[in-house]
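Text of target-v8.txt, listed as compact mmCIF, C-alpha atoms:
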```txt
# COMPACT_ATOMS: atom_id res chain seq x y z
CA MET A 1 -36.05 -6.15 -15.91
CA LYS A 2 -33.77 -7.44 -18.63
CA SER A 3 -33.33 -11.20 -18.77
CA ARG A 4 -29.91 -12.25 -17.52
CA ILE A 5 -27.89 -14.18 -20.06
CA PRO A 6 -25.08 -16.17 -18.51
CA VAL A 7 -21.66 -14.99 -19.57
CA VAL A 8 -18.34 -16.72 -19.11
CA LEU A 9 -15.21 -14.65 -19.22
CA LEU A 10 -12.09 -16.38 -20.46
CA ALA A 11 -8.68 -14.87 -19.82
CA CYS A 12 -5.68 -16.30 -21.62
CA GLY A 13 -2.16 -15.20 -20.81
CA SER A 14 1.19 -16.12 -19.31
CA PHE A 15 0.08 -15.37 -15.74
CA ASN A 16 3.77 -15.44 -15.00
CA PRO A 17 2.81 -15.08 -12.15
CA ILE A 18 -0.84 -14.25 -11.66
CA THR A 19 -1.35 -10.97 -9.79
CA ASN A 20 -4.14 -9.08 -8.08
CA MET A 21 -4.42 -6.96 -11.21
CA HIS A 22 -5.26 -10.02 -13.34
CA LEU A 23 -7.91 -10.93 -10.81
CA ARG A 24 -9.24 -7.36 -10.91
CA LEU A 25 -9.87 -7.76 -14.65
CA PHE A 26 -12.60 -10.25 -13.85
CA GLU A 27 -14.22 -8.07 -11.23
CA VAL A 28 -14.20 -4.96 -13.39
CA ALA A 29 -15.47 -6.81 -16.45
CA ARG A 30 -18.28 -8.38 -14.46
CA ASP A 31 -19.34 -5.00 -13.04
CA HIS A 32 -19.32 -3.62 -16.56
CA LEU A 33 -21.32 -6.46 -18.09
CA HIS A 34 -23.93 -6.40 -15.38
CA LYS A 35 -24.91 -3.02 -16.75
CA THR A 36 -25.21 -4.24 -20.33
CA ALA A 37 -26.95 -7.37 -21.59
CA VAL A 38 -24.33 -9.42 -23.41
CA PRO A 39 -24.49 -13.12 -24.26
CA GLU A 40 -22.10 -16.11 -24.30
CA LEU A 41 -18.38 -16.55 -24.03
CA LYS A 42 -16.14 -13.53 -24.22
CA LEU A 43 -12.41 -13.08 -24.25
CA LEU A 44 -11.29 -10.98 -21.32
CA CYS A 45 -8.10 -8.99 -21.62
CA GLY A 46 -6.28 -5.81 -20.76
CA ALA A 47 -5.73 -3.04 -23.27
CA ASP A 48 -2.13 -4.16 -23.69
CA VAL A 49 -3.31 -7.41 -25.26
CA LEU A 50 -5.59 -5.49 -27.62
CA LYS A 51 -2.47 -3.69 -28.86
CA THR A 52 -0.76 -6.98 -29.65
CA PHE A 53 -3.31 -7.68 -32.38
CA GLN A 54 -1.24 -5.21 -34.44
CA THR A 55 2.00 -7.16 -34.01
CA PRO A 56 2.81 -8.89 -37.31
CA ASN A 57 2.61 -12.69 -37.23
CA LEU A 58 1.59 -12.86 -33.58
CA TRP A 59 -2.07 -13.60 -34.28
CA LYS A 60 -3.61 -15.32 -37.28
CA ASP A 61 -5.94 -12.90 -39.06
CA ALA A 62 -8.61 -15.58 -39.23
CA HIS A 63 -8.43 -16.00 -35.47
CA ILE A 64 -8.77 -12.31 -34.73
CA GLN A 65 -11.82 -12.27 -36.96
CA GLU A 66 -13.32 -15.24 -35.19
CA ILE A 67 -12.69 -13.80 -31.75
CA VAL A 68 -14.31 -10.43 -32.42
CA GLU A 69 -17.03 -11.64 -34.76
CA LYS A 70 -18.20 -14.80 -33.09
CA PHE A 71 -17.31 -14.31 -29.45
CA GLY A 72 -16.54 -10.75 -28.51
CA LEU A 73 -13.95 -9.06 -26.36
CA VAL A 74 -14.14 -7.43 -22.96
CA CYS A 75 -11.15 -5.16 -22.66
CA VAL A 76 -10.18 -3.48 -19.38
CA GLY A 77 -8.37 -0.19 -19.72
CA ARG A 78 -4.77 0.26 -18.65
CA ALA A 79 -2.64 3.35 -18.14
CA GLY A 80 -0.50 4.24 -21.14
CA HIS A 81 -2.76 2.33 -23.49
CA ASP A 82 -5.42 3.95 -25.64
CA ALA A 83 -7.80 1.07 -26.35
CA GLU A 84 -10.02 3.14 -28.61
CA ARG A 85 -7.03 4.05 -30.75
CA TYR A 86 -6.01 0.41 -31.09
CA ILE A 87 -9.49 -0.45 -32.31
CA LEU A 88 -9.45 2.36 -34.85
CA GLY A 89 -5.95 1.32 -35.94
CA LEU A 90 -7.01 -2.14 -37.12
CA PRO A 91 -9.79 -2.49 -39.73
CA ILE A 92 -10.96 -5.85 -38.43
CA LEU A 93 -11.39 -4.44 -34.91
CA GLN A 94 -13.09 -1.35 -36.24
CA LYS A 95 -15.55 -3.48 -38.16
CA TYR A 96 -16.59 -5.39 -35.05
CA GLN A 97 -16.15 -2.66 -32.49
CA HIS A 98 -19.72 -3.17 -31.35
CA ASN A 99 -18.52 -6.52 -30.09
CA ILE A 100 -15.61 -5.04 -28.20
CA HIS A 101 -16.62 -3.82 -24.77
CA LEU A 102 -14.28 -1.36 -23.12
CA ALA A 103 -14.53 -1.50 -19.36
CA ARG A 104 -13.02 1.19 -17.22
CA GLU A 105 -11.06 0.23 -14.15
CA PRO A 106 -12.00 2.87 -11.59
CA VAL A 107 -8.84 2.26 -9.61
CA GLN A 108 -5.57 2.54 -11.45
CA ASN A 109 -3.66 -0.60 -10.72
CA GLU A 110 -0.41 -1.29 -12.49
CA ILE A 111 0.71 -4.52 -10.91
CA SER A 112 2.68 -5.94 -13.81
CA ALA A 113 3.89 -9.52 -13.58
CA THR A 114 7.21 -8.27 -14.99
CA TYR A 115 7.73 -6.10 -11.95
CA ILE A 116 6.71 -8.96 -9.69
CA ARG A 117 9.30 -11.29 -11.20
CA ARG A 118 11.99 -8.64 -10.87
CA ALA A 119 11.07 -7.89 -7.27
CA LEU A 120 11.12 -11.58 -6.41
CA SER A 121 14.52 -12.15 -7.97
CA GLN A 122 15.84 -9.24 -5.90
CA GLY A 123 14.38 -10.66 -2.73
CA GLN A 124 11.84 -7.87 -2.28
CA SER A 125 8.39 -8.26 -0.86
CA VAL A 126 5.39 -8.72 -3.15
CA LYS A 127 2.90 -9.10 -0.36
CA TYR A 128 -0.51 -7.53 -1.07
CA LEU A 129 0.21 -7.56 -4.81
CA LEU A 130 -0.66 -11.20 -5.23
CA PRO A 131 -2.87 -13.51 -3.21
CA ASP A 132 -1.01 -14.91 -0.17
CA ALA A 133 -1.53 -18.48 -1.33
CA VAL A 134 0.25 -17.66 -4.61
CA ILE A 135 3.17 -16.07 -2.76
CA ALA A 136 3.47 -19.16 -0.56
CA TYR A 137 3.48 -21.40 -3.60
CA ILE A 138 6.17 -19.34 -5.32
CA LYS A 139 8.27 -19.53 -2.18
CA ASP A 140 7.75 -23.25 -1.63
CA HIS A 141 8.78 -24.07 -5.17
CA ASN A 142 11.59 -21.54 -5.38
CA LEU A 143 10.13 -19.86 -8.44
CA TYR A 144 11.36 -16.58 -9.91
CA THR A 145 14.62 -16.60 -8.03
CA LYS A 146 17.85 -15.09 -9.36
CA ASP A 147 18.92 -18.50 -10.67
CA SER A 148 15.58 -19.19 -12.23
CA SER A 149 15.67 -19.71 -15.97
CA TRP A 150 12.75 -17.29 -16.41
CA LYS A 151 14.97 -14.29 -16.92
CA ASP A 152 13.44 -10.95 -17.81
CA ASN A 153 14.07 -10.18 -21.43
CA ASN A 154 12.44 -7.27 -23.18
CA THR A 155 8.73 -7.91 -23.08
CA MET B 1 27.36 -4.08 9.06
CA GLU B 2 26.59 -6.63 11.75
CA ASN B 3 23.05 -6.93 12.92
CA SER B 4 24.03 -5.69 16.36
CA GLU B 5 25.20 -2.37 14.92
CA LYS B 6 22.07 -1.68 12.91
CA THR B 7 19.50 0.72 14.22
CA GLU B 8 16.24 -1.06 14.88
CA LEU B 9 13.21 0.65 13.43
CA VAL B 10 9.51 0.65 14.12
CA LEU B 11 7.40 2.06 11.28
CA LEU B 12 4.31 3.95 12.44
CA ALA B 13 1.52 4.78 9.99
CA CYS B 14 -1.17 7.19 11.13
CA GLY B 15 -4.30 7.85 9.12
CA SER B 16 -8.02 7.35 8.78
CA PHE B 17 -7.78 3.85 7.29
CA ASN B 18 -11.33 4.38 6.15
CA PRO B 19 -11.07 1.58 5.05
CA ILE B 20 -7.62 0.05 5.07
CA THR B 21 -6.53 -1.04 1.58
CA ASN B 22 -3.83 -3.15 -0.04
CA MET B 23 -2.04 0.11 -0.84
CA HIS B 24 -1.68 0.95 2.85
CA LEU B 25 -0.26 -2.48 3.46
CA ARG B 26 2.16 -2.10 0.53
CA LEU B 27 3.61 1.04 2.17
CA PHE B 28 4.94 -1.13 4.96
CA GLU B 29 6.46 -3.70 2.64
CA LEU B 30 8.15 -1.08 0.46
CA ALA B 31 9.48 0.84 3.46
CA LYS B 32 10.83 -2.29 5.10
CA ASP B 33 12.65 -3.47 1.97
CA TYR B 34 14.10 0.01 1.44
CA MET B 35 15.29 0.68 4.98
CA ASN B 36 16.68 -2.84 5.43
CA GLY B 37 18.35 -2.45 2.05
CA THR B 38 20.39 0.55 3.22
CA GLY B 39 22.30 -1.82 5.48
CA LYS B 40 22.01 0.60 8.39
CA TYR B 41 18.60 -0.35 9.69
CA LYS B 42 16.62 -3.36 10.72
CA VAL B 43 12.87 -2.92 10.61
CA ILE B 44 11.41 -4.92 13.47
CA LYS B 45 7.80 -3.82 13.60
CA GLY B 46 5.08 -1.96 11.74
CA ILE B 47 2.25 -0.20 13.55
CA ILE B 48 -1.04 0.92 12.06
CA SER B 49 -2.61 3.62 14.24
CA PRO B 50 -6.11 4.50 13.02
CA VAL B 51 -7.22 8.04 13.92
CA GLY B 52 -9.95 8.58 16.52
CA ASP B 53 -13.50 9.60 15.62
CA ALA B 54 -12.85 13.06 17.07
CA TYR B 55 -10.83 13.83 13.92
CA LYS B 56 -14.21 14.64 12.31
CA LYS B 57 -13.22 13.92 8.73
CA LYS B 58 -16.04 13.69 6.21
CA GLY B 59 -17.20 10.12 5.72
CA LEU B 60 -15.20 8.80 8.68
CA ILE B 61 -16.99 5.80 10.12
CA SER B 62 -16.66 4.55 13.70
CA ALA B 63 -13.14 3.77 14.92
CA HIS B 64 -14.35 0.42 16.18
CA HIS B 65 -14.93 -0.78 12.61
CA ARG B 66 -11.80 0.81 11.18
CA VAL B 67 -9.64 -0.77 13.85
CA PHE B 68 -11.26 -4.16 13.38
CA MET B 69 -10.75 -4.06 9.61
CA ALA B 70 -7.10 -3.14 10.08
CA GLN B 71 -6.76 -6.10 12.43
CA LEU B 72 -8.34 -8.39 9.84
CA ALA B 73 -5.98 -7.00 7.24
CA THR B 74 -2.86 -7.68 9.32
CA LYS B 75 -3.94 -11.10 10.54
CA ASN B 76 -1.51 -12.75 8.15
CA SER B 77 1.35 -10.35 8.72
CA GLU B 78 4.32 -11.40 10.80
CA TRP B 79 5.41 -7.91 11.69
CA VAL B 80 2.65 -5.36 11.09
CA GLU B 81 0.10 -4.84 13.84
CA VAL B 82 -2.66 -2.44 14.83
CA ASP B 83 -2.45 -0.12 17.83
CA THR B 84 -5.65 1.28 19.31
CA TRP B 85 -4.24 3.91 21.70
CA GLU B 86 -4.83 6.84 19.37
CA SER B 87 -8.33 5.71 18.37
CA LEU B 88 -9.37 5.35 22.02
CA GLN B 89 -8.53 8.92 23.02
CA LYS B 90 -11.54 11.15 23.53
CA GLU B 91 -9.97 14.15 21.80
CA TRP B 92 -8.03 14.12 18.55
CA VAL B 93 -4.29 13.55 19.08
CA GLU B 94 -1.58 15.29 17.07
CA THR B 95 0.63 12.93 15.06
CA ALA B 96 3.73 14.20 16.89
CA LYS B 97 2.13 13.09 20.15
CA VAL B 98 1.36 9.65 18.74
CA LEU B 99 4.99 9.29 17.68
CA ARG B 100 6.12 10.37 21.12
CA HIS B 101 3.75 7.93 22.80
CA HIS B 102 5.15 5.00 20.84
CA GLN B 103 8.78 6.06 21.24
CA GLU B 104 8.35 6.37 25.01
CA LYS B 105 6.66 2.98 25.09
CA LEU B 106 9.67 1.44 23.33
CA GLU B 107 12.10 3.15 25.67
CA ALA B 108 10.18 1.93 28.71
CA SER B 109 10.20 -1.71 27.62
CA SER B 110 13.81 -1.44 26.47
CA CYS B 111 14.94 -0.22 29.92
CA GLY B 112 13.34 -3.30 31.39
CA ASN B 113 15.50 -5.48 29.16
CA GLU B 114 18.75 -3.68 29.98
CA GLN B 115 18.40 -4.63 33.62
CA GLY B 116 19.22 -8.23 32.86
CA SER B 117 15.76 -9.64 32.33
CA PRO B 118 16.23 -12.75 30.22
CA VAL B 119 14.60 -11.56 27.02
CA LEU B 120 17.43 -12.34 24.65
CA GLU B 121 17.46 -13.07 20.96
CA ARG B 122 20.32 -15.47 20.76
CA PRO B 123 22.52 -17.03 23.51
CA GLY B 124 25.65 -15.73 21.81
CA ARG B 125 24.50 -12.17 22.34
CA LYS B 126 24.45 -12.52 26.11
CA ARG B 127 28.04 -13.63 26.19
CA LYS B 128 29.13 -10.74 24.02
CA TRP B 129 27.26 -8.28 26.23
CA ALA B 130 28.81 -9.75 29.42
CA GLU B 131 32.31 -9.62 27.92
CA GLN B 132 31.82 -6.03 26.93
CA ARG B 133 30.73 -5.07 30.43
CA GLN B 134 33.79 -6.76 31.95
CA ASP B 135 36.30 -5.24 29.59
CA PHE B 136 34.91 -1.77 29.28
CA SER B 137 33.27 -1.08 32.60
CA GLN B 138 34.52 2.48 32.55
CA LYS B 139 32.97 2.98 29.14
CA LYS B 140 29.47 2.20 30.39
CA SER B 141 28.15 5.40 28.87
CA LEU B 142 29.35 4.32 25.43
CA GLU B 143 27.63 0.96 25.60
CA PRO B 144 24.92 0.70 22.97
CA LYS B 145 22.10 1.59 25.32
CA THR B 146 20.60 4.24 23.03
CA LYS B 147 21.33 2.14 19.95
CA GLY B 148 19.56 -0.70 21.71
CA VAL B 149 16.29 1.24 21.76
CA PRO B 150 14.41 0.94 18.49
CA LYS B 151 13.53 4.18 16.78
CA VAL B 152 10.03 5.07 15.65
CA LYS B 153 9.67 6.62 12.22
CA LEU B 154 6.56 7.98 10.58
CA LEU B 155 5.56 6.02 7.49
CA CYS B 156 3.46 7.89 4.97
CA GLY B 157 2.64 8.68 1.38
CA ALA B 158 3.55 11.84 -0.47
CA ASP B 159 0.10 13.24 0.28
CA LEU B 160 0.95 13.51 3.97
CA LEU B 161 4.29 15.16 3.26
CA GLU B 162 2.61 17.74 1.06
CA SER B 163 -0.15 18.27 3.61
CA PHE B 164 2.51 19.99 5.73
CA GLY B 165 1.82 22.96 3.46
CA VAL B 166 -1.92 23.17 4.24
CA PRO B 167 -2.49 26.21 6.49
CA ASN B 168 -3.45 25.37 10.07
CA LEU B 169 -3.41 21.64 9.49
CA TRP B 170 -0.10 21.12 11.27
CA LYS B 171 1.59 23.10 14.02
CA SER B 172 4.96 24.20 12.69
CA GLU B 173 6.66 23.02 15.89
CA ASP B 174 5.10 19.60 15.38
CA ILE B 175 6.49 19.36 11.84
CA THR B 176 9.92 20.29 13.18
CA GLN B 177 9.66 17.74 15.94
CA ILE B 178 8.55 15.00 13.58
CA VAL B 179 11.40 15.45 11.10
CA ARG B 180 14.06 16.33 13.67
CA ASP B 181 13.38 13.81 16.45
CA TYR B 182 11.76 10.93 14.62
CA GLY B 183 12.04 10.99 10.83
CA LEU B 184 9.82 10.29 7.88
CA ILE B 185 9.69 7.43 5.42
CA CYS B 186 7.67 8.66 2.49
CA ILE B 187 6.52 6.30 -0.25
CA THR B 188 5.99 8.21 -3.45
CA ARG B 189 5.44 7.75 -7.13
CA ALA B 190 6.57 11.20 -8.09
CA GLY B 191 9.94 11.42 -6.42
CA ASN B 192 10.75 14.72 -8.07
CA ASP B 193 7.67 16.44 -6.69
CA ALA B 194 8.44 15.24 -3.19
CA GLN B 195 12.06 16.36 -3.47
CA LYS B 196 10.91 19.74 -4.73
CA PHE B 197 8.54 20.07 -1.80
CA ILE B 198 11.39 19.33 0.62
CA TYR B 199 13.62 21.82 -1.19
CA GLU B 200 11.01 24.54 -0.85
CA SER B 201 10.60 24.11 2.90
CA ASP B 202 13.32 25.38 5.24
CA VAL B 203 12.58 22.94 8.01
CA LEU B 204 12.27 19.92 5.72
CA TRP B 205 15.46 20.94 3.94
CA LYS B 206 17.30 21.23 7.24
CA TYR B 207 16.36 17.70 8.27
CA GLN B 208 16.33 16.13 4.82
CA ASN B 209 18.66 13.36 5.99
CA ASN B 210 15.86 12.22 8.21
CA ILE B 211 13.37 12.08 5.35
CA HIS B 212 13.65 8.91 3.32
CA LEU B 213 11.91 8.98 -0.07
CA VAL B 214 11.05 5.56 -1.38
CA ASN B 215 9.98 5.10 -4.97
CA GLU B 216 6.86 3.13 -5.68
CA TRP B 217 7.29 1.74 -9.17
CA ILE B 218 3.90 0.10 -9.28
CA THR B 219 1.17 2.66 -9.75
CA ASN B 220 -1.22 1.67 -7.07
CA ASP B 221 -3.99 4.15 -6.84
CA ILE B 222 -6.08 2.27 -4.33
CA SER B 223 -7.25 5.23 -2.28
CA SER B 224 -9.86 4.67 0.42
CA THR B 225 -11.93 7.43 -1.19
CA LYS B 226 -12.12 5.43 -4.42
CA ILE B 227 -12.98 2.29 -2.48
CA ARG B 228 -15.89 4.04 -0.77
CA GLN B 229 -17.04 5.44 -4.09
CA ALA B 230 -16.92 2.00 -5.74
CA LEU B 231 -18.96 0.56 -2.88
CA ARG B 232 -21.62 3.26 -3.24
CA ARG B 233 -21.82 2.42 -6.95
CA GLY B 234 -22.13 -1.30 -6.34
CA GLN B 235 -18.72 -1.98 -7.91
CA SER B 236 -16.40 -4.73 -6.77
CA ILE B 237 -13.51 -3.91 -4.43
CA ARG B 238 -12.09 -7.41 -4.44
CA TYR B 239 -8.28 -7.63 -4.72
CA LEU B 240 -8.03 -3.95 -3.74
CA VAL B 241 -8.48 -4.73 -0.09
CA PRO B 242 -7.76 -7.97 1.77
CA ASP B 243 -10.57 -10.51 1.33
CA LEU B 244 -11.46 -10.49 5.04
CA VAL B 245 -11.89 -6.71 4.89
CA GLN B 246 -14.09 -6.91 1.82
CA GLU B 247 -16.28 -9.54 3.48
CA TYR B 248 -16.55 -7.50 6.68
CA ILE B 249 -17.57 -4.36 4.80
CA GLU B 250 -20.18 -6.32 2.87
CA LYS B 251 -21.52 -8.05 5.96
CA HIS B 252 -21.96 -4.79 7.88
CA ASP B 253 -22.86 -2.60 4.89
CA LEU B 254 -20.37 -0.07 6.21
CA TYR B 255 -20.01 2.42 3.40
CA THR B 256 -23.12 4.02 1.98
CA SER B 257 -24.28 7.43 0.79
CA GLU B 258 -25.35 8.06 4.38
CA SER B 259 -22.00 7.18 5.90
CA GLU B 260 -20.27 9.47 3.41
CA GLU B 261 -22.33 12.37 4.76
CA ARG B 262 -20.93 11.99 8.29
CA ASN B 263 -19.22 15.12 9.59
CA VAL B 264 -20.42 17.20 6.65
CA GLY B 265 -20.24 20.82 7.69
CA VAL B 266 -18.07 19.97 10.70
CA ILE B 267 -14.63 21.50 10.79
CA LEU B 268 -11.68 19.09 10.87
CA ALA B 269 -10.24 18.74 14.39
CA PRO B 270 -6.68 19.99 13.67
CA LEU B 271 -8.02 23.04 11.82
CA GLN B 272 -10.39 23.75 14.67
CA ARG B 273 -7.66 23.44 17.27
CA ASN B 274 -4.92 25.34 15.48
CA MET B 275 -7.17 28.19 14.47
CA ALA B 276 -8.52 28.47 18.01
CA GLU B 277 -5.01 28.59 19.42
CA ALA B 278 -4.00 31.19 16.88
CA ASN B 279 -6.90 33.35 17.95
CA SER B 280 -6.39 32.94 21.67
```
Let me see the file written as structure tokens.
Amino acid sequence: MKSRIPVVLLACGSFNPITNMHLRLFEVARDHLHKTAVPELKLLCGADVLKTFQTPNLWKDAHIQEIVEKFGLVCVGRAGHDAERYILGLPILQKYQHNIHLAREPVQNEISATYIRRALSQGQSVKYLLPDAVIAYIKDHNLYTKDSSWKDNNT
Amino acid sequence: MENSEKTELVLLACGSFNPITNMHLRLFELAKDYMNGTGKYKVIKGIISPVGDAYKKKGLISAHHRVFMAQLATKNSEWVEVDTWESLQKEWVETAKVLRHHQEKLEASSCGNEQGSPVLERPGRKRKWAEQRQDFSQKKSLEPKTKGVPKVKLLCGADLLESFGVPNLWKSEDITQIVRDYGLICITRAGNDAQKFIYESDVLWKYQNNIHLVNEWITNDISSTKIRQALRRGQSIRYLVPDLVQEYIEKHDLYTSESEERNVGVILAPLQRNMAEANS
């Protein structure tokens, strides 16, 4: 029996708002890691974030290096995104690809926060896409309404 | 359109719910937003009607559990509830019959209200009703008695719509009855495929105005089959089903390799019945 090394998954992001899909990332990553023995702190993200490493001036090169070299990435697949291609497309990712774990989400789940914000501003239901407590909070604080300053620009 | 002129709707979803998932629950929310958004309807209730064990589908666990999970799932819903009538019948019940059962139930309780029993929404409504009866006593037949009875519509995904094409799964007169007398609200990702399917069927084409296609922009592939598979593989189903459902499944170890083998080799009830009738 392999010795269990504690792992902490860290997810950074707008969470604007948090959705069930964000929460799924943790579950899928954990299932994946329980099959492989991986140590320490890892950055958890979706494949869409992996793509952003290519965007000029969005990430400092030194930081990307540090993330993949020192910590490691757990990347959960997403429809329309080819994670393997993103890795091959960036030399620094290719170099440390052994430290990038691609986890497959068995259930395709495209609950984008962008859609949620749009649905909310149009008064449509988002029940069962986010935890109930989050929906209640959004309602109580009048977030993401039509008048809200968080307008949807091109993401 | 004033609220009093809108047709009240009850959305009925039939299925195995083996188990119920967040996707099933989303169907109701999407349908309600869409139908209310047309301005012609007011959705007043959603009903989940789990199929009885006599359906004999592979992997179908006991109705008792499926009903209970659906109840857990709708605990926090203000308008969606679970109905056990279908699941309690000894023999499998055709969907058209389930629709009819619920429509008749609505008509029965609605008649009770017409006879002046004080179940009124707002005081203003009573006055309006009384005024109408005074002024237009001769027009009694035109009074909104039929409009006052909510209409039941079948809520489903595109898979059910396309299952109309499976030989012997549905009686053709049942399909006609469903689309002609009740109506379908079909939540689909691939609107074009569903429209094509309607186009290619004479009966669906004839009653296309009674088939409402609602687009689901969020790809939500949370099928019960995948849930059961994930459970067999020890994978997490959290956030795919309501937390209470996930806890219940875990507590009772409901879905295993053994449970998936239930009804293997047994012919599905509708196929059995329709083929038998065809041969008689």
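One distance worth recording is that between atom CA of B:Asn274 and atom CA of B:Ile185, which is 25.2 Å.
When the distance limit is 12 Å and only C-alpha atoms are what count, the residues near B:Gln89, minus those fewer than 2 positions from it on the same chain, are Ser49, Pro50, Val51, Gly52, Asp53, Ala54, Tyr55, Ala63, Thr84, Trp85, Glu86, Ser87, Glu91, Trp92, Val93, Glu94, Lys97 and Val98 of chain B.
Taking atom CA of A:Gly123 and atom CA of B:Met1 as endpoints, the distance between them is 18.7 Å.
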At a cut-off of 10 Å, using all atoms listed in the file, what residues contact A:Gln124? Leave out same-chain residues fewer than 3 positions from it and give the result as a compact mmCIF listing (two decimals) with C-alpha atoms, keeping the file's coordinate frame.
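Final output, saved to part_32.txt:
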```
# COMPACT_ATOMS: atom_id res chain seq x y z
CA ILE A 116 6.71 -8.96 -9.69
CA ARG A 117 9.30 -11.29 -11.20
CA ARG A 118 11.99 -8.64 -10.87
CA ALA A 119 11.07 -7.89 -7.27
CA LEU A 120 11.12 -11.58 -6.41
CA SER A 121 14.52 -12.15 -7.97
CA LYS A 127 2.90 -9.10 -0.36
CA GLU B 29 6.46 -3.70 2.64
CA LEU B 30 8.15 -1.08 0.46
CA LYS B 32 10.83 -2.29 5.10
CA ASP B 33 12.65 -3.47 1.97
CA TYR B 34 14.10 0.01 1.44
CA GLY B 37 18.35 -2.45 2.05
```
Open item on the list: For B:Asn210, find every residue with an atom within 10 Å (counting all atoms listed in the file), except residues of its own chain fewer than 2 positions away, and show them as a VMD selection string.
Closed with: chain B and resid 153 178 to 185 204 to 208 212 to 213
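Every protein, DNA or RNA residue with an atom at most 7 Å from stretch 5-11 of chain B, where all atoms listed in the file count and chain neighbours fewer than 6 positions away do not, is listed here: B:Lys40, B:Tyr41, B:Lys42, B:Val43, B:Ile44, B:Lys45, B:Gly46, B:Ile47, B:Lys147, B:Pro150, B:Lys151, B:Val152, B:Lys153, B:Leu154, B:Leu155.
Closest approach to chain B among A:Ala136, A:Leu43, A:Met21, A:Ala62: A:Met21, based on all atoms listed in the file.
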TODO: State, in Å with one decimal place, the distance from atom CA of B:Asn279 to atom CA of B:Lys171.
DONE: 13.9 Å
Give me the box for stretch 100-104 of chain B as AutoDock Vina command-line options, namely the centre and edge lengths in Å to one decimal of a box along x, y and z that holds every listed atom plus 3 Å on each side.
```
--center_x 6.3 --center_y 7.7 --center_z 22.9 --size_x 11.0 --size_y 11.4 --size_z 10.2
```
